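Student: First the structure, then my questions, so here it is.
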Amino acid sequence: MRVLVSGASGLVGSALVPALESAGHSVVRLVRRDPAANEIRWDPAGGIAAGALEGFDAAVHLAGESIAGRWTAAKKARIRDSRVQGTRTLAAALAGAAQRPKVMVCASAIGIYGDRGDEVLREESAPGSDFLAEVSQQWEAATEPAARAGMRVVSLRFGVVLSRRGGALAQMLPPFRMGAGGRIGSGRQWMSWITLDDVVGVIQHALATDSLRGPVNTVAPTPVTNAEFTRALGEALHRPTIFPLPAFMVRLMFGEMGDALLLGSQRVDCGKLQASDFRFRHPELQPALQALL
């Protein structure tokens, strides 16, 4: 297949592109700078040159502002606009191609559910009402031009992606390796995780599986509480985990982001993905951490 990929330099994209190429696919990157070979320039807020997106079999859209960092008004605007405007721009451009892709796989997030305690969350569960939930709803809705044009659209609701190369785990490793790690807040909040290898596998599976469409929870089948994750990471690193981070300190240090990402609870079910015959490489947390570390 000839596959268009946005966000190719990010954590997921930088692992996906070589995997697609190793599988024999031809990959063209969508970039915001001056393009090199096998690249197309775009402006997520403006558009893409007419005719630039002809002849692709599939598109994978991963681009978006990082949600890490304190959520100032400007940061929240960048998070929203990069996802909503960027997705709408790309979906409309793909829909307008004379020879358009058959499938568009777009990133989304389990943040769409908000903070839900112990509730088991499936794709049909009602969305939340906080900032990330609202952004995620708009993000998924922005793929509508592609769906209206007859493309199969898959919105992958990513959980916490585990990798040594970046993301949440990479930020946790330094304090945990020094023996300064511990649970966050009460530790009872649910954490729905997935390894980077499995994320790449899910994207490839979504590209190839005609029956898969709409929102898909992209998480491992064994969510854990923050306390369980803390214990497993300490064991994998052979370090104690006796220094908890109280909720008030999380809010003081990180503000709204801390409430949403560190104290929020999402117990997410991946039954739809499993029913499509996807097989996880890392379904259990402890072996996954051992493999990663």
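By order in the structure tokens, chains are A, B, ...; within a chain, residues start at 1; ligands start at 1, following the order shown.
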Per residue of segment 98-155 of chain A within 9 Å of segment 259-271 of chain A, record the nearest atom pair and its distance in Å to one decimal, counting only C-alpha atoms, with rows in chain order and ascending residue number, as a Markdown table.
Tutor:
```
| residue | atom | partner | partner_atom | distance |
| --- | --- | --- | --- | --- |
| A:Ile110 | CA | A:Gln266 | CA | 7.5 |
| A:Gly111 | CA | A:Gln266 | CA | 8.0 |
| A:Tyr113 | CA | A:Gln266 | CA | 7.2 |
| A:Gly114 | CA | A:Gln266 | CA | 7.3 |
| A:Asp115 | CA | A:Gly264 | CA | 4.7 |
| A:Arg116 | CA | A:Ser265 | CA | 5.6 |
| A:Gly117 | CA | A:Ser265 | CA | 5.1 |
| A:Asp118 | CA | A:Arg267 | CA | 6.3 |
| A:Glu119 | CA | A:Arg267 | CA | 6.3 |
| A:Val120 | CA | A:Arg267 | CA | 5.2 |
| A:Leu121 | CA | A:Val268 | CA | 4.6 |
| A:Arg122 | CA | A:Asp269 | CA | 5.4 |
| A:Glu123 | CA | A:Asp269 | CA | 8.2 |
| A:Asp130 | CA | A:Ala260 | CA | 8.2 |
| A:Phe131 | CA | A:Ala260 | CA | 8.5 |
| A:Leu132 | CA | A:Ala260 | CA | 7.8 |
```
Student: For Leu173 of chain A, work out the shell of residues within 12 Å, counting only C-alpha atoms and skipping chain neighbours fewer than 4 positions away, then give it as a PDB file with C-alpha atoms, in the first residue's frame.
Tutor:
```
ATOM      1  CA  LEU A 162       4.464   2.802  27.310  1.00  0.00           C
ATOM      2  CA  SER A 163       7.923   3.198  25.799  1.00  0.00           C
ATOM      3  CA  ARG A 164      11.409   3.927  27.089  1.00  0.00           C
ATOM      4  CA  ARG A 165      11.832   6.385  24.208  1.00  0.00           C
ATOM      5  CA  GLY A 166       9.215   8.911  25.311  1.00  0.00           C
ATOM      6  CA  GLY A 167       5.819   9.539  26.831  1.00  0.00           C
ATOM      7  CA  ALA A 168       4.747   8.879  30.407  1.00  0.00           C
ATOM      8  CA  LEU A 169       7.052   5.931  31.160  1.00  0.00           C
ATOM      9  CA  ARG A 177      15.435   4.489  39.273  1.00  0.00           C
ATOM     10  CA  MET A 178      16.601   6.722  42.117  1.00  0.00           C
ATOM     11  CA  GLY A 179      14.152   5.001  44.464  1.00  0.00           C
ATOM     12  CA  ALA A 180      12.024   8.150  44.712  1.00  0.00           C
ATOM     13  CA  GLY A 181       8.932   6.788  42.979  1.00  0.00           C
ATOM     14  CA  GLY A 182       5.560   6.146  44.549  1.00  0.00           C
ATOM     15  CA  THR A 230       3.714   1.806  40.761  1.00  0.00           C
ATOM     16  CA  LEU A 233       7.410  -0.588  37.863  1.00  0.00           C
ATOM     17  CA  GLY A 234       9.341  -0.706  41.143  1.00  0.00           C
ATOM     18  CA  ALA A 236      10.806  -4.249  37.237  1.00  0.00           C
ATOM     19  CA  LEU A 237      13.504  -1.757  38.262  1.00  0.00           C
ATOM     20  CA  ARG A 239      13.676  -0.217  43.431  1.00  0.00           C
ATOM     21  CA  THR A 241       8.347   2.800  45.738  1.00  0.00           C
ATOM     22  CA  LEU A 289       7.562  -3.644  31.730  1.00  0.00           C
ATOM     23  CA  LEU A 292      10.560  -2.683  27.851  1.00  0.00           C
ATOM     24  CA  LEU A 293      13.165  -2.196  30.580  1.00  0.00           C
TER      25      LEU A 293
END
```
Student: Do a neighbour search on Gln204 of chain A at 10 Å with only C-alpha atoms, toss out local chain neighbours closer than 2 positions, and write the hits as a ChimeraX atom specification.
Tutor: /A:16,19-20,23,60,105,198-202,206-209
Student: Please dump the current selection as a PDB file, in the first residue's frame; keep N, CA and C atoms.
Tutor:
```pdb
ATOM      1  N   LEU A  16       6.035   3.684  13.829  1.00  0.00           N
ATOM      2  CA  LEU A  16       5.142   3.153  12.803  1.00  0.00           C
ATOM      3  C   LEU A  16       5.778   3.152  11.419  1.00  0.00           C
ATOM      4  N   ALA A  19       8.069   0.312  10.627  1.00  0.00           N
ATOM      5  CA  ALA A  19       7.304  -0.939  10.636  1.00  0.00           C
ATOM      6  C   ALA A  19       6.524  -1.102   9.338  1.00  0.00           C
ATOM      7  N   LEU A  20       5.914  -0.026   8.861  1.00  0.00           N
ATOM      8  CA  LEU A  20       5.185  -0.090   7.588  1.00  0.00           C
ATOM      9  C   LEU A  20       6.135  -0.375   6.436  1.00  0.00           C
ATOM     10  N   ALA A  23       7.218  -3.874   6.261  1.00  0.00           N
ATOM     11  CA  ALA A  23       6.149  -4.744   5.774  1.00  0.00           C
ATOM     12  C   ALA A  23       5.917  -4.586   4.279  1.00  0.00           C
ATOM     13  N   VAL A  60      -2.756   7.658   7.757  1.00  0.00           N
ATOM     14  CA  VAL A  60      -2.682   7.535   9.218  1.00  0.00           C
ATOM     15  C   VAL A  60      -2.377   8.918   9.760  1.00  0.00           C
ATOM     16  N   VAL A 105      -7.023   6.167   9.282  1.00  0.00           N
ATOM     17  CA  VAL A 105      -6.863   5.820  10.689  1.00  0.00           C
ATOM     18  C   VAL A 105      -6.393   7.069  11.411  1.00  0.00           C
ATOM     19  N   ASP A 198       2.545  -2.583  20.634  1.00  0.00           N
ATOM     20  CA  ASP A 198       1.162  -2.952  20.366  1.00  0.00           C
ATOM     21  C   ASP A 198       0.393  -1.830  19.675  1.00  0.00           C
ATOM     22  N   VAL A 199       0.716  -0.571  19.976  1.00  0.00           N
ATOM     23  CA  VAL A 199       0.082   0.536  19.255  1.00  0.00           C
ATOM     24  C   VAL A 199       0.384   0.429  17.763  1.00  0.00           C
ATOM     25  N   VAL A 200       1.643   0.193  17.441  1.00  0.00           N
ATOM     26  CA  VAL A 200       2.027   0.043  16.032  1.00  0.00           C
ATOM     27  C   VAL A 200       1.279  -1.139  15.408  1.00  0.00           C
ATOM     28  N   GLY A 201       1.168  -2.223  16.163  1.00  0.00           N
ATOM     29  CA  GLY A 201       0.437  -3.380  15.663  1.00  0.00           C
ATOM     30  C   GLY A 201      -1.038  -3.082  15.443  1.00  0.00           C
ATOM     31  N   VAL A 202      -1.638  -2.315  16.353  1.00  0.00           N
ATOM     32  CA  VAL A 202      -3.060  -1.962  16.210  1.00  0.00           C
ATOM     33  C   VAL A 202      -3.268  -1.113  14.964  1.00  0.00           C
ATOM     34  N   ALA A 206      -5.632  -2.074  11.959  1.00  0.00           N
ATOM     35  CA  ALA A 206      -6.754  -1.224  11.543  1.00  0.00           C
ATOM     36  C   ALA A 206      -6.701  -0.931  10.048  1.00  0.00           C
ATOM     37  N   LEU A 207      -5.516  -0.751   9.507  1.00  0.00           N
ATOM     38  CA  LEU A 207      -5.379  -0.514   8.076  1.00  0.00           C
ATOM     39  C   LEU A 207      -5.853  -1.717   7.259  1.00  0.00           C
ATOM     40  N   ALA A 208      -5.628  -2.914   7.793  1.00  0.00           N
ATOM     41  CA  ALA A 208      -5.884  -4.135   7.025  1.00  0.00           C
ATOM     42  C   ALA A 208      -7.234  -4.783   7.289  1.00  0.00           C
ATOM     43  N   THR A 209      -7.940  -4.347   8.329  1.00  0.00           N
ATOM     44  CA  THR A 209      -9.164  -5.038   8.759  1.00  0.00           C
ATOM     45  C   THR A 209     -10.390  -4.243   8.327  1.00  0.00           C
TER      46      THR A 209
END
```
Student: Can I get the residues of segment 55-129 of chain A within 12 Å of segment 249-254 of chain A, each with the closest pair of atoms and their distance in Å to one decimal, using only C-alpha atoms, sorted chain first then ascending number, as a Markdown table?
Tutor:
```
| residue | atom | partner | partner_atom | distance |
| --- | --- | --- | --- | --- |
| A:Ile67 | CA | A:Phe254 | CA | 11.7 |
| A:Ala68 | CA | A:Phe254 | CA | 9.4 |
| A:Gly69 | CA | A:Phe254 | CA | 7.3 |
| A:Arg70 | CA | A:Phe254 | CA | 5.6 |
| A:Trp71 | CA | A:Phe254 | CA | 8.1 |
| A:Thr72 | CA | A:Phe254 | CA | 10.6 |
```
Student: Pull N, CA and C atoms from the residues just selected and write them as an mmCIF file, in the first residue's frame.
Tutor:
```
data_model
loop_
_atom_site.group_PDB
_atom_site.id
_atom_site.type_symbol
_atom_site.label_atom_id
_atom_site.label_comp_id
_atom_site.auth_asym_id
_atom_site.auth_seq_id
_atom_site.Cartn_x
_atom_site.Cartn_y
_atom_site.Cartn_z
ATOM 1 N N ILE A 67 0.150 17.022 24.928
ATOM 2 C CA ILE A 67 -0.697 17.451 26.046
ATOM 3 C C ILE A 67 0.098 17.613 27.334
ATOM 4 N N ALA A 68 1.383 17.266 27.308
ATOM 5 C CA ALA A 68 2.219 17.435 28.497
ATOM 6 C C ALA A 68 2.511 18.911 28.721
ATOM 7 N N GLY A 69 2.626 19.308 29.969
ATOM 8 C CA GLY A 69 2.913 20.694 30.319
ATOM 9 C C GLY A 69 1.709 21.377 30.935
ATOM 10 N N ARG A 70 1.939 22.474 31.620
ATOM 11 C CA ARG A 70 0.840 23.191 32.275
ATOM 12 C C ARG A 70 -0.112 23.742 31.219
ATOM 13 N N TRP A 71 -1.400 23.573 31.468
ATOM 14 C CA TRP A 71 -2.416 23.961 30.489
ATOM 15 C C TRP A 71 -2.806 25.429 30.662
ATOM 16 N N THR A 72 -2.021 26.305 30.116
ATOM 17 C CA THR A 72 -2.415 27.707 30.026
ATOM 18 C C THR A 72 -3.493 27.831 28.951
#
```
Student: Using DSSP secondary structure from the backbone, list all alpha helix (DSSP H) positions within segment 16-221 of chain A, as an NGL selection string.
Tutor: :A and (16-22 or 73-95 or 131-141 or 144-148 or 167-177 or 196-208)
Student: Got time to write the residues from that selection, C-alpha atoms, as an mmCIF file, in the first residue's frame?
Tutor:
```cif
data_model
loop_
_atom_site.group_PDB
_atom_site.id
_atom_site.type_symbol
_atom_site.label_atom_id
_atom_site.label_comp_id
_atom_site.auth_asym_id
_atom_site.auth_seq_id
_atom_site.Cartn_x
_atom_site.Cartn_y
_atom_site.Cartn_z
ATOM 1 C CA LEU A 16 5.142 3.153 12.803
ATOM 2 C CA VAL A 17 6.945 4.367 9.672
ATOM 3 C CA PRO A 18 9.803 1.805 9.753
ATOM 4 C CA ALA A 19 7.304 -0.939 10.636
ATOM 5 C CA LEU A 20 5.185 -0.090 7.588
ATOM 6 C CA GLU A 21 8.255 0.084 5.360
ATOM 7 C CA SER A 22 9.531 -3.247 6.683
ATOM 8 C CA ALA A 73 -5.108 29.213 27.817
ATOM 9 C CA ALA A 74 -2.624 29.339 24.931
ATOM 10 C CA LYS A 75 -1.525 25.728 25.471
ATOM 11 C CA LYS A 76 -5.136 24.507 25.519
ATOM 12 C CA ALA A 77 -5.837 26.381 22.293
ATOM 13 C CA ARG A 78 -2.858 24.699 20.629
ATOM 14 C CA ILE A 79 -3.960 21.274 21.880
ATOM 15 C CA ARG A 80 -7.475 21.790 20.521
ATOM 16 C CA ASP A 81 -6.619 23.494 17.242
ATOM 17 C CA SER A 82 -3.815 21.112 16.282
ATOM 18 C CA ARG A 83 -6.187 18.178 16.628
ATOM 19 C CA VAL A 84 -9.508 19.549 15.450
ATOM 20 C CA GLN A 85 -8.399 21.914 12.679
ATOM 21 C CA GLY A 86 -5.620 19.588 11.559
ATOM 22 C CA THR A 87 -7.920 16.586 11.331
ATOM 23 C CA ARG A 88 -10.616 18.552 9.507
ATOM 24 C CA THR A 89 -8.048 19.949 7.054
ATOM 25 C CA LEU A 90 -6.632 16.514 6.253
ATOM 26 C CA ALA A 91 -10.003 14.749 6.091
ATOM 27 C CA ALA A 92 -11.374 17.369 3.706
ATOM 28 C CA ALA A 93 -8.275 17.216 1.491
ATOM 29 C CA LEU A 94 -8.435 13.419 1.316
ATOM 30 C CA ALA A 95 -12.157 13.532 0.581
ATOM 31 C CA PHE A 131 -11.347 19.713 28.551
ATOM 32 C CA LEU A 132 -9.793 16.560 27.096
ATOM 33 C CA ALA A 133 -13.192 14.917 26.681
ATOM 34 C CA GLU A 134 -14.512 17.899 24.741
ATOM 35 C CA VAL A 135 -11.388 18.088 22.577
ATOM 36 C CA SER A 136 -11.530 14.358 21.833
ATOM 37 C CA GLN A 137 -15.183 14.560 20.778
ATOM 38 C CA GLN A 138 -14.406 17.417 18.394
ATOM 39 C CA TRP A 139 -11.290 15.573 17.185
ATOM 40 C CA GLU A 140 -13.267 12.477 16.205
ATOM 41 C CA ALA A 141 -16.069 14.548 14.660
ATOM 42 C CA GLU A 144 -16.561 13.491 9.081
ATOM 43 C CA PRO A 145 -15.527 14.783 5.604
ATOM 44 C CA ALA A 146 -13.603 11.563 5.020
ATOM 45 C CA ALA A 147 -16.445 9.348 6.246
ATOM 46 C CA ARG A 148 -18.959 11.294 4.151
ATOM 47 C CA GLY A 167 5.819 9.539 26.831
ATOM 48 C CA ALA A 168 4.747 8.879 30.407
ATOM 49 C CA LEU A 169 7.052 5.931 31.160
ATOM 50 C CA ALA A 170 10.196 7.745 30.044
ATOM 51 C CA GLN A 171 9.346 10.607 32.425
ATOM 52 C CA MET A 172 8.734 8.200 35.311
ATOM 53 C CA LEU A 173 11.993 6.294 34.955
ATOM 54 C CA PRO A 174 14.493 8.804 36.447
ATOM 55 C CA PRO A 175 12.754 9.223 39.844
ATOM 56 C CA PHE A 176 11.852 5.532 40.047
ATOM 57 C CA ARG A 177 15.435 4.489 39.273
ATOM 58 C CA LEU A 196 4.275 1.188 21.812
ATOM 59 C CA ASP A 197 4.831 -2.108 19.973
ATOM 60 C CA ASP A 198 1.162 -2.952 20.366
ATOM 61 C CA VAL A 199 0.082 0.536 19.255
ATOM 62 C CA VAL A 200 2.027 0.043 16.032
ATOM 63 C CA GLY A 201 0.437 -3.380 15.663
ATOM 64 C CA VAL A 202 -3.060 -1.962 16.210
ATOM 65 C CA ILE A 203 -2.532 0.691 13.518
ATOM 66 C CA GLN A 204 -1.375 -1.924 11.022
ATOM 67 C CA HIS A 205 -4.320 -4.125 12.005
ATOM 68 C CA ALA A 206 -6.754 -1.224 11.543
ATOM 69 C CA LEU A 207 -5.379 -0.514 8.076
ATOM 70 C CA ALA A 208 -5.884 -4.135 7.025
#
```
Student: For Glu54 of chain A, please output as an mmCIF file with C-alpha atoms, in the first residue's frame all residues within 10 Å (counting only C-alpha atoms; exclusion window: fewer than 2 positions along the same chain).
Tutor:
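selection_17.cif, written as the output of this step:
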```cif
data_model
loop_
_atom_site.group_PDB
_atom_site.id
_atom_site.type_symbol
_atom_site.label_atom_id
_atom_site.label_comp_id
_atom_site.auth_asym_id
_atom_site.auth_seq_id
_atom_site.Cartn_x
_atom_site.Cartn_y
_atom_site.Cartn_z
ATOM 1 C CA ALA A 50 -4.495 20.802 -4.679
ATOM 2 C CA GLY A 51 -3.673 17.395 -6.122
ATOM 3 C CA ALA A 52 -0.979 16.627 -3.537
ATOM 4 C CA PHE A 56 -2.902 6.986 -1.618
ATOM 5 C CA ASP A 57 -4.358 3.680 -0.436
ATOM 6 C CA ALA A 93 -8.275 17.216 1.491
ATOM 7 C CA LEU A 94 -8.435 13.419 1.316
ATOM 8 C CA GLY A 96 -11.505 15.943 -2.291
ATOM 9 C CA ALA A 97 -8.952 13.722 -4.011
ATOM 10 C CA ALA A 98 -10.060 12.125 -7.251
ATOM 11 C CA GLN A 99 -8.380 8.877 -6.180
ATOM 12 C CA ARG A 100 -8.902 8.939 -2.435
ATOM 13 C CA PRO A 101 -7.726 6.395 0.177
#
```
Student: What lies within 8 Å of Pro223 of chain A using only C-alpha atoms, ignoring chain neighbours under 3 positions off, as a list in words?
Tutor: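 Everything that qualifies: Trp190, Met191, Ser192, Trp193, Val219, Ala220, Arg267 and Val268 of chain A.
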Student: To one decimal in Å, tell me the separation between atom CA of Ile40 of chain A and atom CA of Val28 of chain A.
Tutor: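 Separating atom CA of Ile40 of chain A from atom CA of Val28 of chain A is a distance of 7.2 Å.
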Student: Give me the residues near segment 30-39 of chain A as a list of chain:residue names, where near means some atom within 12 Å (using only C-alpha atoms) and where sequence neighbours in that chain fewer than 6 positions away do not count.
Tutor: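 Residues meeting the cut-off are A:Arg2, A:Val3, A:Leu4, A:Val5, A:Ser6, A:Gly7, A:Ala8, A:Ser9, A:Gly10, A:Gly13, A:Val17, A:Ala45, A:Gly46, A:Gly47, A:Ile48, A:Ala49, A:Ala52, A:Leu53, A:Ala59, A:Val60, A:His61, A:Leu62, A:Ala63, A:Gly64, A:Gly86, A:Leu90.
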Student: Could you jot down the atom CA of Ala107 of chain A to atom CA of Arg157 of chain A separation for me, Å, one decimal place?
Tutor: 6.5 Å
Student: DSSP says strand (DSSP E or B) for which residues of segment 48-129 of chain A? Put them as a list in words?
Tutor: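 DSSP-assigned strand (DSSP E or B) residues in segment 48-129 of chain A: Ala58, Ala59, Val60, His61, Val103, Met104, Val105, Cys106, Ala107, Ser108, Ala109, Val120 and Leu121 of chain A.
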